[in-house]
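Student: Dropping in model_23.csv, with CSV, C-alpha atoms.
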chain,number,residue,atom,x,y,z
A,1,MET,CA,22.0,8.1,4.4
A,2,SER,CA,23.9,6.9,7.5
A,3,GLY,CA,23.3,9.8,9.8
A,4,PRO,CA,20.3,10.6,12.0
A,5,VAL,CA,17.7,13.1,10.7
A,6,THR,CA,16.6,15.9,13.0
A,7,ARG,CA,12.9,15.9,12.7
A,8,GLY,CA,10.3,14.7,15.2
A,9,CYS,CA,8.9,11.2,14.8
A,10,ARG,CA,5.3,11.2,13.6
A,11,GLY,CA,4.5,8.7,16.3
A,12,CYS,CA,6.6,9.4,19.4
A,13,GLY,CA,8.2,12.8,18.7
A,14,SER,CA,11.8,11.5,19.0
A,15,THR,CA,14.4,13.3,16.9
A,16,THR,CA,16.6,10.2,16.4
A,17,LEU,CA,15.5,9.3,12.9
A,18,HIS,CA,17.6,7.4,10.4
A,19,ARG,CA,17.2,7.8,6.6
A,20,VAL,CA,16.7,4.3,5.2
A,21,LEU,CA,15.4,5.0,1.7
A,22,ASP,CA,15.8,8.0,-0.5
A,23,LEU,CA,14.2,8.1,-4.0
A,24,GLY,CA,15.2,11.6,-4.7
A,25,LYS,CA,12.5,13.9,-6.3
A,26,MET,CA,9.4,12.2,-7.6
A,27,PRO,CA,6.1,13.3,-9.1
A,28,ALA,CA,3.2,13.2,-6.6
A,29,ALA,CA,1.7,9.7,-6.7
A,30,ASP,CA,-1.9,10.9,-6.1
A,31,ASP,CA,-1.9,13.5,-8.9
A,32,PHE,CA,-2.8,12.0,-12.3
A,33,PRO,CA,-2.5,14.9,-14.7
A,34,ALA,CA,-4.6,15.6,-17.7
A,35,ARG,CA,-3.2,13.9,-20.8
A,36,GLU,CA,-2.5,17.2,-22.6
A,37,THR,CA,-0.4,18.7,-19.9
A,38,VAL,CA,3.4,18.4,-20.2
A,39,ALA,CA,5.0,19.5,-17.0
A,40,ASP,CA,5.0,17.8,-13.6
A,41,THR,CA,6.2,19.2,-10.3
A,42,VAL,CA,8.5,16.8,-8.3
A,43,HIS,CA,8.8,16.4,-4.6
A,44,PRO,CA,11.3,14.7,-2.2
A,45,LEU,CA,10.4,11.1,-1.4
A,46,ALA,CA,12.3,9.4,1.4
A,47,MET,CA,11.7,7.1,4.4
A,48,ASP,CA,13.0,7.5,7.9
A,49,LEU,CA,13.0,4.9,10.7
A,50,CYS,CA,12.6,6.0,14.3
A,51,ALA,CA,15.3,4.6,16.5
A,52,ASP,CA,13.1,4.9,19.6
A,53,CYS,CA,9.6,3.6,18.6
A,54,GLY,CA,10.6,1.8,15.4
A,55,LEU,CA,8.0,3.6,13.2
A,56,ALA,CA,9.0,3.8,9.6
A,57,GLN,CA,7.6,7.0,8.1
A,58,LEU,CA,7.5,9.4,5.2
A,59,ALA,CA,10.2,11.9,5.8
A,60,GLU,CA,8.4,14.9,4.3
A,61,ASP,CA,5.5,15.6,2.1
A,62,ASP,CA,4.9,19.0,0.4
A,63,THR,CA,2.2,17.6,-2.0
A,64,VAL,CA,-1.3,18.9,-1.8
A,65,THR,CA,-3.2,16.9,-4.3
A,66,ALA,CA,-6.1,14.5,-3.4
A,67,GLU,CA,-5.8,10.9,-4.6
A,68,PRO,CA,-8.6,9.8,-7.0
A,69,ARG,CA,-10.6,7.2,-5.1
A,70,GLY,CA,-9.7,3.8,-6.4
A,71,VAL,CA,-12.0,1.0,-7.4
A,72,GLU,CA,-11.9,-1.7,-4.8
A,73,PRO,CA,-10.3,-4.9,-6.3
A,74,GLN,CA,-12.0,-8.3,-5.8
A,75,ALA,CA,-9.0,-9.4,-3.7
A,76,LEU,CA,-9.6,-6.7,-1.2
A,77,ARG,CA,-13.4,-7.5,-1.0
A,78,ASP,CA,-12.6,-11.2,-0.5
A,79,GLN,CA,-10.1,-10.5,2.2
A,80,ALA,CA,-12.6,-8.2,4.1
A,81,ALA,CA,-15.2,-11.0,4.2
A,82,ASP,CA,-12.6,-13.5,5.3
A,83,ALA,CA,-11.3,-11.1,8.0
A,84,LEU,CA,-14.7,-10.5,9.5
A,85,HIS,CA,-15.4,-14.3,9.5
A,86,ARG,CA,-12.1,-14.8,11.5
A,87,VAL,CA,-12.8,-12.0,13.9
A,88,ALA,CA,-16.3,-13.3,14.6
A,89,ALA,CA,-15.0,-16.8,15.1
A,90,ALA,CA,-12.5,-15.5,17.7
A,91,GLY,CA,-15.4,-13.8,19.6
A,92,ARG,CA,-14.1,-10.3,18.9
A,93,LEU,CA,-17.2,-9.1,16.9
A,94,SER,CA,-19.8,-8.1,19.6
A,95,GLY,CA,-22.1,-5.2,20.1
A,96,ARG,CA,-24.4,-3.4,17.7
A,97,THR,CA,-22.7,-0.2,16.6
A,98,VAL,CA,-19.9,0.4,14.1
A,99,ARG,CA,-17.8,3.3,12.9
A,100,GLU,CA,-15.3,3.2,10.0
A,101,PHE,CA,-12.3,5.4,9.3
A,102,GLY,CA,-12.1,5.2,5.5
A,103,SER,CA,-9.2,4.9,3.0
A,104,PRO,CA,-8.8,6.5,-0.4
A,105,HIS,CA,-7.9,3.0,-1.7
A,106,GLY,CA,-11.6,2.3,-2.0
A,107,GLY,CA,-14.0,-0.2,-0.3
A,108,SER,CA,-15.8,-0.3,3.0
A,109,TRP,CA,-16.5,-3.0,5.5
A,110,LEU,CA,-19.8,-1.3,6.6
A,111,PRO,CA,-22.1,-3.4,4.2
A,112,LEU,CA,-20.6,-6.6,5.6
A,113,LEU,CA,-21.2,-5.5,9.1
A,114,ALA,CA,-24.7,-4.3,8.3
A,115,GLU,CA,-25.4,-7.9,7.3
A,116,ARG,CA,-24.4,-8.9,10.7
A,117,GLY,CA,-26.8,-6.5,12.4
A,118,PHE,CA,-24.5,-3.5,13.1
A,119,THR,CA,-25.6,0.1,12.7
A,120,GLU,CA,-23.3,2.9,11.8
A,121,THR,CA,-22.8,5.7,14.4
A,122,ALA,CA,-20.9,8.9,14.6
A,123,GLY,CA,-20.2,8.4,18.3
A,124,PRO,CA,-18.1,5.8,20.2
A,125,ALA,CA,-18.8,2.4,18.6
A,126,ASP,CA,-18.6,-1.2,19.7
A,127,VAL,CA,-16.6,-2.0,16.6
A,128,VAL,CA,-14.3,0.6,14.9
A,129,ILE,CA,-12.8,-0.3,11.5
A,130,ASP,CA,-9.7,1.1,9.9
A,131,CYS,CA,-8.5,-0.8,6.8
A,132,PHE,CA,-5.4,0.9,5.3
A,133,GLY,CA,-6.7,4.3,6.4
A,134,ILE,CA,-4.5,5.4,9.3
A,135,MET,CA,-1.3,5.4,7.2
A,136,HIS,CA,-2.6,8.5,5.5
A,137,GLU,CA,-2.5,10.6,8.7
A,138,PRO,CA,0.5,12.9,9.0
A,139,ASP,CA,0.2,13.1,12.8
A,140,GLN,CA,0.2,9.5,13.8
A,141,ARG,CA,-0.1,10.1,17.5
A,142,ALA,CA,-3.3,12.2,17.0
A,143,ALA,CA,-4.7,9.6,14.5
A,144,PHE,CA,-4.4,6.8,17.0
A,145,ALA,CA,-5.9,8.9,19.8
A,146,ALA,CA,-8.9,9.7,17.5
A,147,ARG,CA,-9.5,6.0,16.9
A,148,ALA,CA,-9.1,5.2,20.5
A,149,ALA,CA,-11.7,7.9,21.4
A,150,ALA,CA,-14.1,6.4,18.7
A,151,THR,CA,-14.0,3.0,20.4
A,152,ALA,CA,-16.5,2.4,23.1
A,153,PRO,CA,-15.1,1.3,26.5
A,154,GLY,CA,-15.9,-2.3,25.9
A,155,GLY,CA,-15.5,-2.2,22.2
A,156,VAL,CA,-12.8,-3.3,19.8
A,157,LEU,CA,-10.6,-1.4,17.2
A,158,LEU,CA,-9.9,-3.5,14.1
A,159,LEU,CA,-7.0,-2.0,12.3
A,160,GLN,CA,-5.4,-3.5,9.2
A,161,PHE,CA,-2.0,-2.5,7.7
A,162,HIS,CA,0.6,-3.5,5.2
A,163,SER,CA,3.4,-5.1,7.2
A,164,LEU,CA,6.8,-3.3,7.2
A,165,HIS,CA,8.3,-6.8,7.5
A,166,ALA,CA,6.6,-7.8,4.2
A,167,ILE,CA,7.7,-4.6,2.5
A,168,VAL,CA,11.4,-5.1,3.5
A,169,SER,CA,11.6,-8.9,3.0
A,170,GLN,CA,9.9,-8.8,-0.4
A,171,GLY,CA,11.7,-5.6,-1.6
A,172,GLN,CA,8.4,-3.7,-1.9
A,173,TRP,CA,10.3,-0.3,-1.9
A,174,ASN,CA,7.6,1.4,-3.9
A,175,ALA,CA,5.1,1.1,-1.0
A,176,LEU,CA,6.8,4.4,-0.1
A,177,ARG,CA,4.8,7.2,-1.6
A,178,HIS,CA,3.5,10.7,-0.9
A,179,GLY,CA,0.4,10.7,1.3
A,180,HIS,CA,1.4,7.4,3.0
A,181,PHE,CA,2.9,8.7,6.2
A,182,ALA,CA,3.6,5.5,8.2
A,183,TYR,CA,4.7,1.9,7.6
A,184,TYR,CA,4.2,-0.4,10.6
A,185,SER,CA,5.9,-3.2,12.3
A,186,LEU,CA,3.6,-4.8,14.9
A,187,ALA,CA,6.0,-3.6,17.7
A,188,ALA,CA,5.8,0.0,16.5
A,189,LEU,CA,2.0,-0.3,16.2
A,190,ARG,CA,1.8,-1.6,19.8
A,191,HIS,CA,3.7,1.6,21.0
A,192,LEU,CA,1.3,3.8,19.2
A,193,LEU,CA,-1.8,2.0,20.6
A,194,GLU,CA,-0.4,2.0,24.1
A,195,ASP,CA,0.3,5.8,23.9
A,196,ALA,CA,-3.4,6.1,23.0
A,197,GLY,CA,-4.5,4.0,26.0
A,198,MET,CA,-5.2,0.8,24.1
A,199,SER,CA,-3.5,-2.6,24.0
A,200,LEU,CA,-3.2,-5.4,21.5
A,201,ALA,CA,-5.5,-8.4,22.1
A,202,THR,CA,-4.8,-10.5,19.0
A,203,ALA,CA,-3.9,-10.4,15.4
A,204,TRP,CA,-4.5,-12.2,12.1
A,205,GLU,CA,-2.2,-12.5,9.1
A,206,PHE,CA,-3.2,-12.3,5.4
A,207,GLU,CA,-1.4,-12.8,2.1
A,208,LEU,CA,-2.9,-9.6,0.6
A,209,TYR,CA,-0.2,-7.2,-0.8
A,210,GLY,CA,2.4,-9.8,0.1
A,211,GLY,CA,1.7,-9.6,3.8
A,212,THR,CA,-0.9,-7.6,5.8
A,213,ILE,CA,-1.9,-7.8,9.4
A,214,LEU,CA,-5.3,-7.1,11.1
A,215,VAL,CA,-5.1,-6.4,14.8
A,216,ALA,CA,-7.8,-6.2,17.5
A,217,ALA,CA,-7.1,-3.6,20.1
A,218,VAL,CA,-9.1,-2.9,23.3
A,219,HIS,CA,-9.1,-0.3,26.1
A,220,ALA,CA,-8.6,-2.8,28.9
A,221,PRO,CA,-5.1,-4.1,29.6
A,222,ALA,CA,-4.5,-7.3,27.6
A,223,VAL,CA,-1.8,-9.9,27.6
A,224,ALA,CA,-0.3,-10.4,24.2
A,225,ASP,CA,-1.3,-13.8,22.8
A,226,GLU,CA,1.0,-16.2,21.0
A,227,THR,CA,0.2,-14.8,17.5
A,228,ILE,CA,1.3,-11.3,18.6
A,229,THR,CA,4.4,-12.6,20.3
A,230,ARG,CA,5.4,-14.7,17.2
A,231,ILE,CA,4.9,-11.8,14.7
A,232,ILE,CA,6.9,-9.4,16.8
A,233,GLU,CA,9.7,-11.9,17.1
A,234,ALA,CA,9.7,-12.6,13.4
A,235,GLU,CA,9.8,-8.8,12.7
A,236,ALA,CA,12.7,-8.1,15.0
A,237,SER,CA,15.1,-7.4,12.0
A,238,VAL,CA,13.1,-4.5,10.7
A,239,THR,CA,13.9,-2.4,13.8
A,240,HIS,CA,17.5,-2.1,12.5
A,241,PRO,CA,18.2,0.7,9.9
A,242,GLU,CA,20.7,-1.4,8.0
A,243,THR,CA,18.0,-4.1,7.3
A,244,VAL,CA,15.5,-1.6,6.1
A,245,ARG,CA,18.1,0.1,3.9
A,246,ARG,CA,18.0,-3.0,1.7
A,247,LEU,CA,15.0,-1.3,0.1
A,248,GLN,CA,17.4,1.2,-1.6
A,249,ARG,CA,19.2,-1.6,-3.4
A,250,ASP,CA,15.9,-3.2,-4.4
A,251,ALA,CA,14.6,0.0,-5.8
A,252,ASP,CA,17.7,0.5,-8.0
A,253,ARG,CA,17.7,-3.1,-9.2
A,254,GLN,CA,14.0,-3.2,-10.0
A,255,ALA,CA,14.0,0.0,-12.0
A,256,ARG,CA,17.0,-1.1,-14.0
A,257,LEU,CA,15.5,-4.5,-14.7
A,258,LEU,CA,12.2,-3.1,-15.8
A,259,ARG,CA,13.8,-0.6,-18.2
A,260,SER,CA,16.1,-3.3,-19.7
A,261,TRP,CA,13.1,-5.6,-20.2
A,262,LEU,CA,11.0,-2.9,-21.9
A,263,ASP,CA,13.9,-1.9,-24.1
A,264,HIS,CA,14.3,-5.5,-25.1
A,265,GLU,CA,10.7,-6.0,-26.0
A,266,LYS,CA,10.6,-2.8,-28.0
A,267,ALA,CA,13.7,-3.9,-30.0
A,268,THR,CA,11.9,-7.2,-30.8
A,269,GLY,CA,8.8,-5.3,-32.0
A,270,ARG,CA,6.5,-6.3,-29.2
A,271,ARG,CA,3.9,-3.8,-27.8
A,272,VAL,CA,3.8,-3.7,-24.1
A,273,TYR,CA,0.9,-2.2,-22.1
A,274,ALA,CA,0.4,-2.3,-18.3
A,275,TYR,CA,-2.6,-2.8,-16.1
A,276,GLY,CA,-3.0,-0.8,-12.8
A,277,ALA,CA,-2.4,2.9,-12.7
A,278,ALA,CA,-1.5,2.4,-9.0
A,279,SER,CA,0.2,5.0,-6.9
A,280,ARG,CA,3.0,2.5,-6.2
A,281,ALA,CA,3.7,2.3,-9.9
A,282,VAL,CA,4.4,6.0,-10.2
A,283,ALA,CA,7.8,5.9,-8.4
A,284,LEU,CA,8.8,2.7,-10.4
A,285,PHE,CA,7.9,4.3,-13.7
A,286,HIS,CA,9.7,7.5,-12.9
A,287,LEU,CA,12.8,5.8,-11.5
A,288,ALA,CA,13.0,3.6,-14.6
A,289,GLY,CA,12.5,6.6,-16.9
A,290,LEU,CA,9.6,5.1,-18.8
A,291,ASP,CA,7.7,6.8,-21.5
A,292,ALA,CA,5.1,5.9,-24.2
A,293,THR,CA,7.9,4.7,-26.6
A,294,VAL,CA,8.5,1.6,-24.4
A,295,LEU,CA,5.2,1.3,-22.5
A,296,THR,CA,2.2,2.2,-24.8
A,297,ALA,CA,-0.4,2.8,-22.1
A,298,VAL,CA,-1.7,1.7,-18.7
A,299,ALA,CA,-5.2,0.4,-18.3
A,300,ASP,CA,-7.1,1.1,-15.1
A,301,ALA,CA,-10.7,0.3,-13.9
A,302,SER,CA,-11.0,3.7,-12.2
A,303,PRO,CA,-13.0,6.2,-14.4
A,304,ALA,CA,-11.3,9.0,-12.5
A,305,LYS,CA,-7.9,8.0,-13.9
A,306,GLN,CA,-9.0,7.1,-17.4
A,307,GLY,CA,-8.1,9.7,-20.0
A,308,ARG,CA,-5.3,11.0,-17.9
A,309,ARG,CA,-1.6,10.0,-17.8
A,310,MET,CA,0.9,8.5,-15.4
A,311,PRO,CA,2.6,11.2,-13.3
A,312,GLY,CA,6.1,12.1,-14.5
A,313,SER,CA,5.6,10.5,-17.9
A,314,ASP,CA,3.6,10.7,-21.1
A,315,VAL,CA,2.2,7.2,-20.7
A,316,PRO,CA,-1.6,7.5,-21.1
A,317,ILE,CA,-4.2,5.8,-18.8
A,318,VAL,CA,-6.9,3.9,-20.7
A,319,SER,CA,-9.9,1.8,-19.9
A,320,PRO,CA,-9.8,-2.0,-19.7
A,321,ALA,CA,-11.9,-2.1,-22.8
A,322,GLU,CA,-9.3,-0.1,-24.7
A,323,LEU,CA,-6.6,-2.5,-23.5
A,324,VAL,CA,-8.5,-5.5,-24.7
A,325,ALA,CA,-9.3,-3.9,-28.1
A,326,ALA,CA,-5.6,-3.0,-28.5
A,327,GLN,CA,-4.6,-6.7,-28.3
A,328,PRO,CA,-1.1,-6.0,-26.9
A,329,ASP,CA,1.6,-8.6,-27.0
A,330,LEU,CA,2.3,-8.3,-23.3
A,331,VAL,CA,0.6,-6.7,-20.3
A,332,LEU,CA,2.7,-5.7,-17.2
A,333,LEU,CA,0.6,-6.2,-14.1
A,334,THR,CA,1.7,-3.5,-11.6
A,335,LEU,CA,-0.3,-5.1,-8.7
A,336,PRO,CA,0.3,-8.9,-8.5
A,337,ASP,CA,-2.6,-9.4,-6.2
A,338,LEU,CA,-4.9,-8.7,-9.1
A,339,LEU,CA,-3.7,-11.6,-11.2
A,340,PRO,CA,-6.6,-14.0,-10.5
A,341,GLU,CA,-9.2,-11.2,-11.0
A,342,VAL,CA,-7.8,-9.9,-14.3
A,343,ARG,CA,-7.3,-13.4,-15.8
A,344,SER,CA,-10.9,-14.2,-15.0
A,345,ARG,CA,-12.3,-10.9,-16.2
A,346,TRP,CA,-10.4,-10.7,-19.5
A,347,PRO,CA,-9.7,-14.2,-20.8
A,348,GLU,CA,-8.8,-12.6,-24.2
A,349,LEU,CA,-5.5,-11.6,-22.6
A,350,GLU,CA,-4.5,-15.0,-21.3
A,351,GLY,CA,-0.8,-15.8,-21.7
A,352,ARG,CA,0.1,-12.1,-22.0
A,353,TRP,CA,0.3,-11.1,-18.3
A,354,VAL,CA,3.7,-10.4,-16.9
A,355,VAL,CA,4.2,-10.0,-13.1
A,356,ASP,CA,7.9,-10.2,-12.8
A,357,PRO,CA,9.8,-9.0,-15.9
A,358,PRO,CA,12.7,-11.4,-16.6
A,359,GLU,CA,16.4,-10.6,-16.8
A,360,CYS,CA,17.3,-9.7,-20.3
A,361,PRO,CA,20.4,-10.9,-22.1
Would you write the structure of this file as C-alpha cells?
Tutor:
Amino acid sequence: MSGPVTRGCRGCGSTTLHRVLDLGKMPAADDFPARETVADTVHPLAMDLCADCGLAQLAEDDTVTAEPRGVEPQALRDQAADALHRVAAAGRLSGRTVREFGSPHGGSWLPLLAERGFTETAGPADVVIDCFGIMHEPDQRAAFAARAAATAPGGVLLLQFHSLHAIVSQGQWNALRHGHFAYYSLAALRHLLEDAGMSLATAWEFELYGGTILVAAVHAPAVADETITRIIEAEASVTHPETVRRLQRDADRQARLLRSWLDHEKATGRRVYAYGAASRAVALFHLAGLDATVLTAVADASPAKQGRRMPGSDVPIVSPAELVAAQPDLVLLTLPDLLPEVRSRWPELEGRWVVDPPECP
C-alpha cells in the first residue's frame, strides 16, 4: 500500500495517488439481493489519497446497481432544520429560488425552504442545496462545475459532507463504499470549488455521523473566515497518507472485535439482531464473516430492503415490527446516530441496544 497509484485523481487529474485503505473484494453495498438468491459478485474496494489536492477517493468502482432510496432518519431531518436556521441567522439565505441536487440517502431540504418562501427552479438559483449528494459523482471536477453553474451570480451553494477528519479520527473506515466516490477535507473541498470558480465564504459544523460540515460557497472572491481557517488547521493531519492509513488498522480491529462478540453471545445462548441495513454495514459484516448463525436478522425501516438480505451473507432484512415481535436479547445498532430515535420509537427494546460491542474474554 505504500506506493503511488497511477490513475487520474477524480478532482484534479493528478496521477500521484497513494493507496491508504484496501478492503479487498466486497459485495456491492447498494445491491440488497433477494433472500432466496445464494451467490454474490464481489468488487475491489479501496481508497486513494491525492498527493496534490488532498482528495480522498474511491479507487475504482465496477458496480452498476442502484441503491434503494433510504428512509430519512429523524436525526437528519432535525439537522437540516438546524442548519437552515444557522444559515439564515448568518445572512446567507437570501433570494427566492432554490435548486437541490439530491442524494440516495433520502430526504430533501425543499419543504423547509418552501416554508421560507423559496420556489424550486430548474435554472440558476439563489440557493443551491447539496446534502451528501456530490460524493456520489464519479467525476468530481464536473460535479462541482455543474453545481457552480446552477448557482446564480449572487447566490449561494450550500454543500454538506461527511468530514474526512471525522472519518479518520473516529476510525469510520466503513464510510468507504461503492458509489461513494469522494471523501473531503475542507482544504480539498476548497480546491474543487476554486477550480469551479467559487470560493468558500463560511462553514458550520454538526455532530451528525460523528462530524459533518456544511459550507457556503459563492461566486465572488471571499476571504476565509475564522471558522474555515480553524477547521483547515485542525484537519492538517489528514493530508498525510500515513495518517489516513490508520483506517486499515481500524477496519481489521473492528471486524475481529465484532465477530468475537457475536461468537461469545451465541455461545451463551443469546439471540442477537441488528438494526439498520445501512450501506456502511455491508463491508463490516463481510469483513467479519457474519452469517445468520451469529446474527439472526437486520431490521430496517426501508420497505425497499425488507424481505431481502444483506449483501455477501445470508442475514435476512426484516421490518422493525418483526424485530420487536422477535424480542431479541440484544440489538446491534449499525448507525449510532439513530440511537435516540430508535429508543423513543421502540421502548419495548430498551436495555437491549448495543452501539459498541465490548471486548470479549
Student: What lies within 12 Å of Leu76 (chain A) using all atoms listed in the file, ignoring chain neighbours under 4 positions off, as a count of residues only?
Tutor: 23
Student: Check the smallest atom-to-atom distance from each of A:Ala304, A:Arg309, A:Ala288, A:Ser279 to Thr334 (chain A) using all atoms listed in the file, then report the winner.
Tutor: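 Using all atoms listed in the file, Thr334 (chain A) sits closest to A:Ser279.
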Student: Set the distance at 7 Å and use only C-alpha atoms: which residues neighbour region 54-62 of chain A once local chain neighbours fewer than 6 positions away are removed? I'd like the list as a compact mmCIF listing (two decimals) with C-alpha atoms, in the frame of the given file.
Tutor:
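Result file is around31.txt:
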# COMPACT_ATOMS: atom_id res chain seq x y z
CA GLY A 11 4.50 8.70 16.30
CA HIS A 43 8.80 16.40 -4.60
CA ALA A 46 12.30 9.40 1.40
CA MET A 47 11.70 7.10 4.40
CA ASP A 48 13.00 7.50 7.90
CA HIS A 178 3.50 10.70 -0.90
CA HIS A 180 1.40 7.40 3.00
CA PHE A 181 2.90 8.70 6.20
CA ALA A 182 3.60 5.50 8.20
CA TYR A 183 4.70 1.90 7.60
CA TYR A 184 4.20 -0.40 10.60
CA ALA A 188 5.80 0.00 16.50
CA THR A 239 13.90 -2.40 13.80
Student: With distances taken over all atoms listed in the file, which of A:Phe32, A:Trp353, A:Trp204, A:Phe144 is nearest to Phe101 (chain A)?
Tutor: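 Distance minimum relative to Phe101 (chain A) lands on A:Phe144.
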Student: Using all atoms listed in the file for the distances, tell me which of A:His136, A:Arg343, A:Arg77, A:Arg256 is nearest to Leu112 (chain A).
Tutor: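 Among the listed residues, A:Arg77 lies closest to Leu112 (chain A).
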Student: With only C-alpha atoms as the basis for distance, which of A:Pro303, A:Gly289, A:Gly269, A:Gly117 is at the shortest distance from Leu330 (chain A)?
Tutor: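 Closest to Leu330 (chain A), using only C-alpha atoms: A:Gly269.
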Student: Neighbouring residues of Ala114 (chain A) were defined as those with any atom within 12 Å, considering all atoms listed in the file; residues of the same chain fewer than 3 positions away were excluded. Please report them as a list in words.
Tutor: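 Using all atoms listed in the file, the neighbours found are Leu84, Arg96, Thr97, Val98, Arg99, Ser108, Trp109, Leu110, Pro111, Gly117, Phe118, Thr119, Glu120, Thr121 and Val127 of chain A.
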Student: Go through A:Ala28, A:His162, A:Ala152, A:Gln254 and flag the residue nearest Ala220 (chain A), using all atoms listed in the file for the distances.
Tutor: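 Smallest distance to Ala220 (chain A) is found for A:Ala152.
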Student: Looking at A:Pro44, A:Gly211, A:Gly13, A:Pro347, which one is nearest to Leu176 (chain A), with distances taken over only C-alpha atoms?
Tutor: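 Going through A:Pro44, A:Gly211, A:Gly13, A:Pro347 one by one, the smallest distance to Leu176 (chain A) is for A:Pro44.
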Student: Env of Ala267 (chain A): 12 Å cut, atoms = only C-alpha atoms, seq-sep filter 6 positions within chain, self excluded. Answer as a PyMOL selection string.
Tutor: chain A and resi 260-261+293-294+360
Student: Go ahead and compute the interatomic distance for CA of Ala125 (chain A) and CA of Asp139 (chain A), in Å to one decimal.
Tutor: 22.6 Å
Student: How far is it from CA of Thr296 (chain A) to CA of Leu349 (chain A), in Å with one decimal?
Tutor: 16.0 Å
Student: Residues within 12 Å of Ala196 (chain A), please, as JSON, numbers by chain. Count all atoms listed in the file; anything in the same chain fewer than 3 positions from it doesn't count.
Tutor: {"A": [11, 12, 140, 141, 142, 143, 144, 145, 146, 147, 148, 149, 150, 151, 157, 189, 190, 191, 192, 193, 199, 200, 217, 218, 219, 220]}
Student: Please, what distance in Å, to one decimal, runs between CA of Glu359 (chain A) and CA of Ala251 (chain A)?
Tutor: 15.4 Å
Student: Per residue of region 238-262 of chain A within 12 Å of region 16-27 of chain A, note the shortest atom pair and the distance in Å to one decimal, counting all atoms listed in the file, and order the rows by chain and increasing residue number, as a tab-separated table.
Tutor:
residue	atom	partner	partner_atom	distance
A:Val238	CA	A:Val20	CA	11.0
A:Thr239	CA	A:His18	CA	11.0
A:His240	CA	A:His18	CA	9.7
A:Pro241	CA	A:Val20	CA	6.1
A:Glu242	CA	A:Val20	CA	7.5
A:Thr243	CA	A:Val20	CA	8.8
A:Val244	CA	A:Val20	CA	6.1
A:Arg245	CA	A:Val20	CA	4.6
A:Arg246	CA	A:Val20	CA	8.2
A:Leu247	CA	A:Leu21	CA	6.5
A:Gln248	CA	A:Leu21	CA	5.4
A:Arg249	CA	A:Leu21	CA	9.2
A:Asp250	CA	A:Leu21	CA	10.2
A:Ala251	CA	A:Leu23	CA	8.3
A:Asp252	CA	A:Leu23	CA	9.3
A:Ala255	CA	A:Leu23	CA	11.4
Student: Counting only C-alpha atoms, which residues come within 8 Å of (3.6, 16.5, -20.4), with the point read in the file's coordinates, and could you list them as a list in words?
Tutor: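 Looking at atoms near the point gives Arg35, Glu36, Thr37, Val38, Ala39, Asp40, Gly312, Ser313 and Asp314 of chain A.
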